[in-house]
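Q: One structure follows; several queries about it will come next.
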Amino acid sequence: MLLLLWFILIILTLGQASYDHYRLPKALQPQHYNLRVLTHLENVARPCFSGEVEIELRVLQPTKNITLHAASRLQLNSNRTNLYYLHEDGTKSKIAVKTVERNSKYDYYILMLCKVLERGHIYLLHMQFFAHFEAGMSGYYASSYKDQNSNKTRYLSVTQFEPAYARAAFPCFDEPAFKATFNITLGHPRKYVALSNMPITKKFPMSGRRNWLWTIFEQTLPMPSYLVCYSVNDFASITSRNGLSVAKFTTWARASAIGQCKYAAEIAPRLLAYYERMFDIDYPLPKVDQLAVPDFSAGAMENWGLITYREAALFYAPEASSEVDKQRVANIIAHELAHQWFGNLVTMKWWNDLWLNEGFATYVATLGMQKLCSKWHAYAEESLDNILVVLNSDAYYSTRAISQSVSRASQFAEQFDPITYRKGAVIIRMMHMFIGDTTFRHGLNCYLKRHAYSNADQNDLWRSLSDAAHEFGSLPENLEVRTIMDTWTLQAGYPLITVQRDYVRNIISINQRRFLMQGMDRNNLISKECWFVPISYTFGSMANFTATEPQVWLQCDSQGKNMPLEIRSPLCAEENQWLILNLQLTAPFRVNYDTSNWKLIIKTLQGADFRRIHTMNRAQLIIDALALSWNGHLCYKVSLDLIKYIKQEHAYMPWHAALDHLSAIYRIIKQTSDFALFQQP
């Protein structure tokens, strides 16, 4: 039966005249690209580029077609498209191309061949291309700036290929799983500098073009097409030499602004060295270039070896910029350098797992900043800010799961949102805290080494972390990281944890349901969603907020249904002692207590010893109480009584939480006669 199915598959593949599916066929694997690009920025009617690419293909399944990506803006000469069989002795024989076809729906360029490509053999596909630079900041595009000294317009070109724009610059297999090595050569006027992912090997004059050069770069490591980067520009540079990492750091910007890159040039090598120690894996490339681009749609892009930034994301001038600006520059650089491992060394298999790249980079950046710049309290404040965004944006029916099906190119860009970045970072922090730092680092090291220069999905990550957690005793043998984390990545929203205390029998009852800011049935409707929730807690009598590891788990049964929890313990709080869950906001959920417990918390907050409650938990109590009042689950008198204590608060995070939630109430009451009363201290 299996042989019959295999035979049918081969027949369908061989006889297919037109391929119409959002994923490329798996019959071919690109192994290497020789890419040569000629860039015309000046002295032409319209700026343009031209080039040729030779792709080395290994055949995984017999096929009579070659399907790859080429955007409609890319002009291809079918008469100059050639396919060769590569013999073992290095000689080549030509394979005839019968017809070619373009599929604009998926940006496919399909070559129908005169003979079958045989499994295990190597073929060379040679194509020429041409395109005008178009408006926009994707693919290979042209930019310009005004030179402040000469008042002349200067031109440059740069790439932005993520998520699916490499196909607009050259024909390629433009999916993250099709990793290959690249040899890149750039042709340009002598007055320009050429940059790419790897160091320059040599430059030499171009035959037939006066004052033009060919710049040749070293071969890259295996990487997906979206990480390819090259630029032709006339920028100045700063080289960082501090011995922290073997990689050479160079920061590039227009000459009049290069002085504003000194801080970026200083902090970047320190951050890279921190990641090398954290992951216990050296940065594998010989250099890192940072490029400040005048016109850039993204904040920054982690191209391997040539990281591109919007100018505002890289510039810091001590005499004109604020400390917040400085922190933002450090944060963005920390994020992009974290990608050199998460995304570049190990790449997601498909765009549904983009959060593996962006969530990890967002979270790990806070660790790097905390280590190098502790005065900013970046870890706590960024964690709170991320949780605030998640609790607000993820509280509606319209939200989505972190990992979800992605079936068309237009959906790729939709994934770059707070759910991917912020919620991804929040649940990774939660996992870090429930398995512990030693397990976390060991698991990440195993994951990165197992899948280096290849691709992975979230299940591969969970497997490595589970192995480490069981090795170090961070999780019971019968509990897998995947079991826990799938409930957070594969379904939308987050839980509301309801706590009801029996003060006579000293029992704490804990239950969960999905929290919705609007539309939630207040008549105890049972939620269909269920999460594995780490429960950490403390009481007023001990007030230990440092033990953030879960004391118990709120679990789901085998059918994915909620299993209510009762805690019976001699450590349970006495009747006059408050109880607080989710120490230091370990996990993204809201908590609603019984009225008596809310009153005990309010009493403590309004007293002189309110700092016994951790700063992050003071912020948590504010955001939970106000949100629960907003959607009708808590009387506003309780939440407003709680927030009265804020006048004696000096910490930033509780004030940030209060102002974030009071702004909505402010906008409503401002239109009423009660506004003066609302403004009273």
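Labeling convention for the structure tokens: chains A, B, ... as they appear, residues from 1 per chain, ligands from 1 in order of appearance.
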Just want the 10 Å neighbourhood of Gln404 of chain A, counted on only C-alpha atoms, with same-chain residues fewer than 6 positions away dropped. Output as a list of chain:residue names.
A: A:Trp351, A:Asn352, A:Asp353, A:Leu354, A:Gln415, A:Thr489, A:Leu490, A:Gln491, A:Ala492
Q: Write out as a PyMOL selection string each polymer residue whose atoms come within 9 Å of Lys561 of chain A, counting only C-alpha atoms; drop sequence neighbours fewer than 5 positions from it.
A: chain A and resi 527-531+555-556
Q: If you measure from atom CA of Ala425 of chain A to atom CA of Asn386 of chain A, what distance in Å do you get, rounded to one decimal?
A: 7.5 Å
Q: Using DSSP on the backbone, list every residue of segment 298-485 of chain A that comes out as alpha helix (DSSP H), and give them as number ranges by chain.
A: A: 311-314, 323-338, 354-372, 378-393, 409-414, 418, 424-435, 437-450, 458-471, 481-485
Q: Residues of segment 651-671 of chain A that approach segment 622-627 of chain A to 12 Å or less, counting only C-alpha atoms: could you list each one with the shortest pair of atoms and its distance in Å to one decimal, rows by chain and increasing residue number, as a Markdown table?
A:
| residue | atom | partner | partner_atom | distance |
| --- | --- | --- | --- | --- |
| A:Met653 | CA | A:Ile622 | CA | 10.4 |
| A:Pro654 | CA | A:Ile622 | CA | 7.3 |
| A:Trp655 | CA | A:Ile622 | CA | 9.2 |
| A:His656 | CA | A:Ile623 | CA | 9.8 |
| A:Ala657 | CA | A:Ile623 | CA | 6.0 |
| A:Ala658 | CA | A:Ile622 | CA | 6.2 |
| A:Leu659 | CA | A:Ile623 | CA | 9.7 |
| A:Asp660 | CA | A:Ile623 | CA | 8.3 |
| A:His661 | CA | A:Ile623 | CA | 6.6 |
| A:Leu662 | CA | A:Leu626 | CA | 8.0 |
| A:Ser663 | CA | A:Leu626 | CA | 11.1 |
| A:Ala664 | CA | A:Leu626 | CA | 10.3 |
| A:Ile665 | CA | A:Leu626 | CA | 9.6 |
Q: May I have the residues from that selection written out with C-alpha atoms, as a CSV table (one decimal), in the first residue's frame?
A:
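Wrote result.csv, looks like this:
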chain,number,residue,atom,x,y,z
A,653,MET,CA,5.9,50.4,38.5
A,654,PRO,CA,2.8,50.8,40.6
A,655,TRP,CA,2.4,54.4,39.3
A,656,HIS,CA,2.8,53.1,35.7
A,657,ALA,CA,0.1,50.4,36.4
A,658,ALA,CA,-2.3,52.9,37.9
A,659,LEU,CA,-1.9,55.6,35.2
A,660,ASP,CA,-2.2,52.9,32.5
A,661,HIS,CA,-5.6,51.8,33.8
A,662,LEU,CA,-7.0,55.1,35.1
A,663,SER,CA,-6.7,56.7,31.7
A,664,ALA,CA,-9.8,55.0,30.5
A,665,ILE,CA,-11.8,56.0,33.5
Q: Report as an MDAnalysis selection string all protein, DNA and RNA residues lying within 10 Å of Gln648 of chain A, evaluated on only C-alpha atoms, omitting residues in the same chain fewer than 2 positions from it.
A: chainID A and resid 605:608 610 644:646 650:651
Q: Output N, CA and C atoms for every residue in the selection just made, as a PDB file, in the first residue's frame.
A:
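Result went into result.pdb, see below:
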ATOM      1  N   LEU A 605      -1.932  47.928  52.364  1.00  0.00           N
ATOM      2  CA  LEU A 605      -1.449  48.957  51.446  1.00  0.00           C
ATOM      3  C   LEU A 605      -1.624  50.359  52.014  1.00  0.00           C
ATOM      4  N   GLN A 606      -2.671  50.580  52.764  1.00  0.00           N
ATOM      5  CA  GLN A 606      -2.925  51.908  53.317  1.00  0.00           C
ATOM      6  C   GLN A 606      -2.144  52.166  54.599  1.00  0.00           C
ATOM      7  N   GLY A 607      -1.404  51.158  55.054  1.00  0.00           N
ATOM      8  CA  GLY A 607      -0.601  51.317  56.261  1.00  0.00           C
ATOM      9  C   GLY A 607       0.829  51.721  55.941  1.00  0.00           C
ATOM     10  N   ALA A 608       1.603  51.897  56.979  1.00  0.00           N
ATOM     11  CA  ALA A 608       2.991  52.350  56.826  1.00  0.00           C
ATOM     12  C   ALA A 608       3.892  51.260  56.263  1.00  0.00           C
ATOM     13  N   PHE A 610       3.336  49.132  53.756  1.00  0.00           N
ATOM     14  CA  PHE A 610       2.840  48.638  52.467  1.00  0.00           C
ATOM     15  C   PHE A 610       3.951  48.057  51.605  1.00  0.00           C
ATOM     16  N   LYS A 644      -6.186  54.145  46.611  1.00  0.00           N
ATOM     17  CA  LYS A 644      -5.964  55.342  47.435  1.00  0.00           C
ATOM     18  C   LYS A 644      -4.551  55.386  48.019  1.00  0.00           C
ATOM     19  N   TYR A 645      -3.966  54.216  48.219  1.00  0.00           N
ATOM     20  CA  TYR A 645      -2.640  54.174  48.846  1.00  0.00           C
ATOM     21  C   TYR A 645      -1.577  54.808  47.963  1.00  0.00           C
ATOM     22  N   ILE A 646      -1.863  54.990  46.663  1.00  0.00           N
ATOM     23  CA  ILE A 646      -0.848  55.381  45.685  1.00  0.00           C
ATOM     24  C   ILE A 646      -0.198  56.719  46.033  1.00  0.00           C
ATOM     25  N   HIS A 650       6.251  55.642  46.006  1.00  0.00           N
ATOM     26  CA  HIS A 650       7.365  56.311  45.339  1.00  0.00           C
ATOM     27  C   HIS A 650       7.972  55.464  44.219  1.00  0.00           C
ATOM     28  N   ALA A 651       7.556  54.222  44.093  1.00  0.00           N
ATOM     29  CA  ALA A 651       8.109  53.343  43.057  1.00  0.00           C
ATOM     30  C   ALA A 651       7.442  53.603  41.718  1.00  0.00           C
TER      31      ALA A 651
END
